[in-house]
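Engineer: Contents of entry01.cif (mmCIF, C-alpha atoms) are below:
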```cif
data_my_file
#
loop_
_atom_site.label_atom_id
_atom_site.label_comp_id
_atom_site.auth_asym_id
_atom_site.auth_seq_id
_atom_site.Cartn_x
_atom_site.Cartn_y
_atom_site.Cartn_z
CA MET H 1 -113.13 -35.26 34.04
CA PRO H 2 -111.49 -34.72 30.65
CA GLY H 3 -111.62 -30.94 30.95
CA ALA H 4 -110.00 -30.94 34.38
CA GLU H 5 -107.37 -33.40 33.18
CA ALA H 6 -106.58 -31.22 30.17
CA ALA H 7 -106.38 -28.19 32.41
CA GLY H 8 -104.00 -30.04 34.70
CA VAL H 9 -101.78 -30.99 31.78
CA ALA H 10 -101.78 -27.39 30.55
CA VAL H 11 -100.85 -26.09 33.97
CA GLY H 12 -98.11 -28.69 34.31
CA SER H 13 -96.77 -27.78 30.87
CA ARG H 14 -96.69 -24.13 31.77
CA ARG H 15 -94.85 -24.93 34.97
CA ARG H 16 -92.30 -27.04 33.10
CA ALA H 17 -91.89 -24.36 30.47
CA GLY H 18 -91.42 -21.76 33.18
CA SER H 19 -88.90 -23.97 34.90
CA SER H 20 -87.00 -24.53 31.64
CA GLY H 21 -87.01 -20.80 30.96
CA SER H 22 -85.65 -20.10 34.43
CA ASN H 23 -82.95 -22.72 33.96
CA TRP H 24 -81.96 -21.20 30.62
CA ILE H 25 -81.73 -17.73 32.12
CA ALA H 26 -79.65 -19.06 35.01
CA GLY H 27 -77.37 -20.89 32.61
CA ALA H 28 -76.95 -17.81 30.46
CA ALA H 29 -76.12 -15.76 33.54
CA VAL H 30 -73.43 -18.27 34.53
CA LEU H 31 -71.96 -18.22 31.02
CA LEU H 32 -71.88 -14.42 31.00
CA ALA H 33 -70.19 -14.42 34.40
CA LEU H 34 -67.56 -16.87 33.17
CA ALA H 35 -67.12 -14.86 29.98
CA ALA H 36 -66.46 -11.73 32.01
CA VAL H 37 -63.48 -13.47 33.56
CA PHE H 38 -62.10 -15.67 30.80
CA ALA H 39 -63.57 -14.89 27.40
CA ASP H 40 -61.36 -12.02 26.28
CA ASP H 41 -58.58 -14.54 25.62
CA PRO H 42 -60.05 -16.12 22.44
CA ALA H 43 -60.37 -12.67 20.87
CA ARG H 44 -56.93 -11.57 22.05
CA TRP H 45 -55.40 -14.68 20.47
CA LEU H 46 -56.57 -13.51 17.05
CA VAL H 47 -54.47 -10.35 17.36
CA VAL H 48 -50.81 -10.56 16.35
CA ALA H 49 -48.67 -7.42 16.50
CA ASP H 50 -44.92 -7.16 16.02
CA PRO H 51 -42.69 -4.32 17.18
CA PRO H 52 -42.21 -1.55 14.60
CA GLN H 53 -39.49 -2.40 12.10
CA PRO H 54 -38.77 -1.50 8.48
CA ALA H 55 -40.08 -3.69 5.68
CA ASP H 56 -39.70 -3.62 1.92
CA VAL H 57 -43.41 -3.35 1.27
CA ALA H 58 -46.73 -3.25 3.09
CA VAL H 59 -49.49 -5.56 1.87
CA VAL H 60 -52.90 -4.12 2.70
CA LEU H 61 -55.83 -6.53 2.86
CA ALA H 62 -59.16 -5.52 1.36
CA GLY H 63 -62.38 -5.74 3.34
CA ASP H 64 -61.62 -2.31 4.74
CA PRO H 65 -64.84 -0.27 4.57
CA GLY H 66 -63.66 2.17 7.22
CA TYR H 67 -60.15 2.32 5.68
CA GLU H 68 -58.49 1.61 9.04
CA ARG H 69 -56.08 -0.78 7.33
CA THR H 70 -55.34 1.72 4.57
CA ARG H 71 -54.69 4.55 7.02
CA THR H 72 -52.29 2.38 9.01
CA ALA H 73 -50.39 1.38 5.86
CA ALA H 74 -50.22 4.99 4.64
CA ARG H 75 -48.78 5.99 8.00
CA LEU H 76 -46.10 3.31 7.63
CA TRP H 77 -45.09 4.85 4.31
CA VAL H 78 -45.15 8.41 5.65
CA ASP H 79 -42.98 7.32 8.60
CA GLY H 80 -40.48 5.66 6.26
CA GLN H 81 -41.08 2.13 7.53
CA VAL H 82 -42.01 0.82 4.06
CA SER H 83 -41.14 2.04 0.57
CA LEU H 84 -44.15 0.57 -1.27
CA LEU H 85 -47.76 -0.39 -0.67
CA ILE H 86 -49.54 -3.30 -2.33
CA VAL H 87 -53.28 -2.86 -1.95
CA THR H 88 -55.40 -5.94 -2.58
CA GLY H 89 -58.97 -6.69 -3.55
CA GLY H 90 -60.86 -7.93 -6.57
CA GLU H 91 -64.34 -7.19 -5.25
CA PRO H 92 -66.23 -4.04 -6.28
CA GLY H 93 -67.11 -1.29 -3.87
CA PRO H 94 -65.51 0.96 -1.26
CA GLY H 95 -63.02 -0.86 0.94
CA ASP H 96 -63.27 -4.07 -1.09
CA SER H 97 -61.55 -2.99 -4.31
CA ALA H 98 -57.84 -2.30 -4.61
CA THR H 99 -58.61 0.93 -6.45
CA SER H 100 -60.65 2.28 -3.53
CA LEU H 101 -57.81 1.53 -1.11
CA ARG H 102 -55.32 3.18 -3.46
CA ASP H 103 -57.43 6.33 -3.75
CA VAL H 104 -57.58 6.70 0.03
CA ALA H 105 -53.84 6.03 0.39
CA VAL H 106 -53.11 8.73 -2.20
CA ALA H 107 -55.38 11.16 -0.34
CA LEU H 108 -53.33 10.39 2.79
CA GLY H 109 -50.08 11.38 1.10
CA VAL H 110 -48.74 8.22 -0.55
CA PRO H 111 -47.64 8.96 -4.14
CA PRO H 112 -49.52 6.89 -6.76
CA GLY H 113 -46.18 5.62 -8.04
CA ARG H 114 -45.50 3.98 -4.67
CA ILE H 115 -48.70 1.93 -4.74
CA LEU H 116 -49.16 -1.37 -6.59
CA LEU H 117 -52.56 -2.98 -7.12
CA GLU H 118 -53.60 -6.60 -6.81
CA GLN H 119 -57.09 -6.80 -8.31
CA VAL H 120 -58.01 -10.47 -8.68
CA SER H 121 -58.36 -11.83 -5.14
CA HIS H 122 -61.63 -12.56 -3.36
CA SER H 123 -60.27 -14.05 -0.13
CA THR H 124 -57.33 -13.85 2.23
CA ARG H 125 -55.55 -16.81 0.67
CA GLU H 126 -56.20 -15.61 -2.87
CA ALA H 127 -54.66 -12.27 -1.92
CA MET H 128 -51.49 -13.95 -0.65
CA VAL H 129 -51.23 -16.13 -3.77
CA ALA H 130 -51.78 -13.10 -6.01
CA VAL H 131 -49.15 -10.91 -4.34
CA ARG H 132 -46.51 -13.66 -4.34
CA PRO H 133 -45.28 -13.01 -7.92
CA ILE H 134 -45.35 -9.26 -7.29
CA LEU H 135 -43.14 -9.70 -4.22
CA ALA H 136 -40.84 -12.02 -6.16
CA GLN H 137 -40.43 -9.42 -8.89
CA LEU H 138 -39.66 -6.79 -6.25
CA GLU H 139 -37.21 -9.21 -4.57
CA ALA H 140 -38.90 -8.32 -1.30
CA ARG H 141 -37.41 -9.97 1.76
CA ARG H 142 -39.63 -8.53 4.47
CA VAL H 143 -43.33 -7.71 4.22
CA ALA H 144 -45.56 -5.80 6.62
CA LEU H 145 -49.04 -7.32 6.70
CA VAL H 146 -51.72 -4.73 7.42
CA THR H 147 -55.23 -5.86 8.24
CA SER H 148 -57.79 -5.64 11.04
CA PRO H 149 -56.66 -6.92 14.46
CA TYR H 150 -59.14 -9.83 14.47
CA HIS H 151 -58.00 -10.84 10.96
CA GLN H 152 -54.26 -10.70 11.68
CA ARG H 153 -53.72 -14.25 12.98
CA ARG H 154 -55.30 -15.96 9.96
CA THR H 155 -53.59 -13.57 7.55
CA CYS H 156 -50.21 -14.17 9.16
CA LEU H 157 -50.58 -17.96 9.15
CA THR H 158 -51.70 -17.89 5.52
CA ALA H 159 -48.84 -15.62 4.50
CA ARG H 160 -46.27 -17.86 6.15
CA GLN H 161 -47.66 -20.81 4.20
CA VAL H 162 -47.81 -19.04 0.83
CA LEU H 163 -44.92 -16.56 1.05
CA LYS H 164 -42.20 -18.93 2.15
CA GLY H 165 -38.78 -17.33 2.45
CA ILE H 166 -40.22 -13.86 3.15
CA ALA H 167 -40.12 -12.45 6.66
CA ILE H 168 -43.53 -11.36 7.93
CA VAL H 169 -44.11 -8.31 10.11
CA ASN H 170 -47.60 -8.09 11.60
CA ARG H 171 -48.98 -4.56 11.71
CA PRO H 172 -52.69 -4.67 12.57
CA ALA H 173 -54.73 -1.53 11.99
CA ASP H 174 -54.27 0.96 14.80
CA PRO H 175 -56.41 2.64 15.88
CA ALA H 176 -59.12 0.13 15.10
CA GLY H 177 -62.83 0.21 15.86
CA TRP H 178 -62.76 -3.40 17.07
CA LYS H 179 -61.17 -4.36 20.37
CA PRO H 180 -60.83 -7.85 21.91
CA GLU H 181 -61.86 -6.66 25.36
CA GLY H 182 -65.49 -7.49 26.07
CA TRP H 183 -66.06 -8.88 22.57
CA TRP H 184 -68.73 -11.23 23.92
CA LYS H 185 -70.92 -8.32 25.01
CA ASP H 186 -71.56 -7.03 21.50
CA ALA H 187 -73.46 -8.94 18.79
CA ARG H 188 -71.29 -7.63 15.93
CA SER H 189 -68.09 -8.47 17.78
CA ARG H 190 -69.38 -11.95 18.59
CA ARG H 191 -70.05 -12.53 14.90
CA ILE H 192 -66.56 -11.33 14.01
CA VAL H 193 -64.75 -13.54 16.52
CA LEU H 194 -66.81 -16.66 15.93
CA GLY H 195 -66.60 -16.11 12.18
CA GLU H 196 -62.82 -15.86 12.31
CA TYR H 197 -62.55 -19.13 14.19
CA LEU H 198 -64.80 -20.85 11.66
CA LYS H 199 -62.73 -19.48 8.77
CA LEU H 200 -59.53 -20.49 10.50
CA ALA H 201 -60.88 -24.02 11.00
CA TYR H 202 -61.72 -24.16 7.29
CA TYR H 203 -58.22 -22.96 6.36
CA ILE H 204 -56.72 -25.61 8.61
CA LEU H 205 -58.84 -28.35 7.00
CA ARG H 206 -57.75 -27.18 3.56
CA GLY H 207 -54.10 -27.12 4.61
CA TRP H 208 -53.84 -23.40 3.91
CA VAL H 209 -52.23 -22.49 7.22
#
```
Let me see the file written as structure tokens.
Structural biologist:
Amino acid sequence: MPGAEAAGVAVGSRRRAGSSGSNWIAGAAVLLALAAVFADDPARWLVVADPPQPADVAVVLAGDPGYERTRTAARLWVDGQVSLLIVTGGEPGPGDSATSLRDVAVALGVPPGRILLEQVSHSTREAMVAVRPILAQLEARRVALVTSPYHQRRTCLTARQVLKGIAIVNRPADPAGWKPEGWWKDARSRRIVLGEYLKLAYYILRGWV
């Protein structure tokens, strides 16, 4: 009977769909269990932090809507670890423009005369290329790179490629709202980590790191 046959096919399809769904759930559970043991490492690898040491200038990367990077750089100046800040960013808006970073740094106690602006960059590499002549004019020999922890590895690798002959000190924002521990549990953190690896792969393909 055609109707019975169709019904049998429908039931079989539902069973297969249910079986596939169960398999997917089981697979996801296994992946989450493995992630709980191993998956902090990819996020931790993105973080590079050097021991505190003096530098000629701190370069502060834009993309800082919460001003964590700016606060960390201002603290370096207040503590006497750097004598100048270079704030970067050619995009408009809070945290993305060099002027917004400067205004926050001034509010945190850094004199306007100790802050230089780089206002043409729209990416990490563009920022490094744009600050290179500024650092050359300053005759800077050691630079503190200040950015978010997840952004530090790519920034450091890019700086070493572009700013040859200048010692790099990695000073990721601290405290920072993002932590590598349990990054795979949070959708925003997953986007950050996976996005950084994709950007790093692109930089590698372009020969920028």
Engineer: Could you tell me which residues the PyMOL selection byres ((chain H and resi 44) around 9) grabs in this file, written as a PyMOL selection string?
Structural biologist: chain H and resi 40-43+45-48+149-150+179-181
Engineer: Specify as a PyMOL selection string each residue included when the PyMOL selection byres ((chain H and resi 168-171) around 10) is applied to this file.
Structural biologist: chain H and resi 47-55+58-60+69+72-73+76+141-149+152-153+155-157+159-160+163-167+172-174
Engineer: Residues at most 10 Å from Tyr203 (chain H), counting all atoms listed in the file, excluding those fewer than 6 positions away in the same chain, as a ChimeraX atom specification?
Structural biologist: /H:125,154,157-158,197,209
Engineer: I'd like the interatomic distance between CA of Glu139 (chain H) and CA of Gly109 (chain H), to a tenth of an Å.
Structural biologist: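 Those two atoms sit 24.9 Å apart.
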Engineer: Report, in Å with one decimal, the straight-line distance from CA of Asp79 (chain H) to CA of Ala107 (chain H).
Structural biologist: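 Between these atoms lies a distance of 15.8 Å.
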Engineer: Applying the PyMOL selection byres ((chain H and resi 103) around 12) to the file I just gave you, which residues come out? Please list them as a PyMOL selection string.
Structural biologist: chain H and resi 67+70-71+74+87+94-95+97-102+104-112+115-117
Engineer: So the first atom is CA of Gln161 (chain H) and the second is CA of Gly80 (chain H); what is the distance between them in Å, to one decimal place?
Structural biologist: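 Computed distance, CA of Gln161 (chain H) to CA of Gly80 (chain H), equals 27.5 Å.
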Engineer: Calculated over all atoms listed in the file, which of the candidates H:Ala176, H:Ala140, H:Val82, H:Val131 has the smallest distance to Glu68 (chain H)?
Structural biologist: H:Ala176
Engineer: May I have the residues at most 12 Å from (-51.4, -15.2, -6.4) in the file's coordinates, counting all atoms listed in the file, as a ChimeraX atom specification?
Structural biologist: /H:88-90,118-136,159,162-163
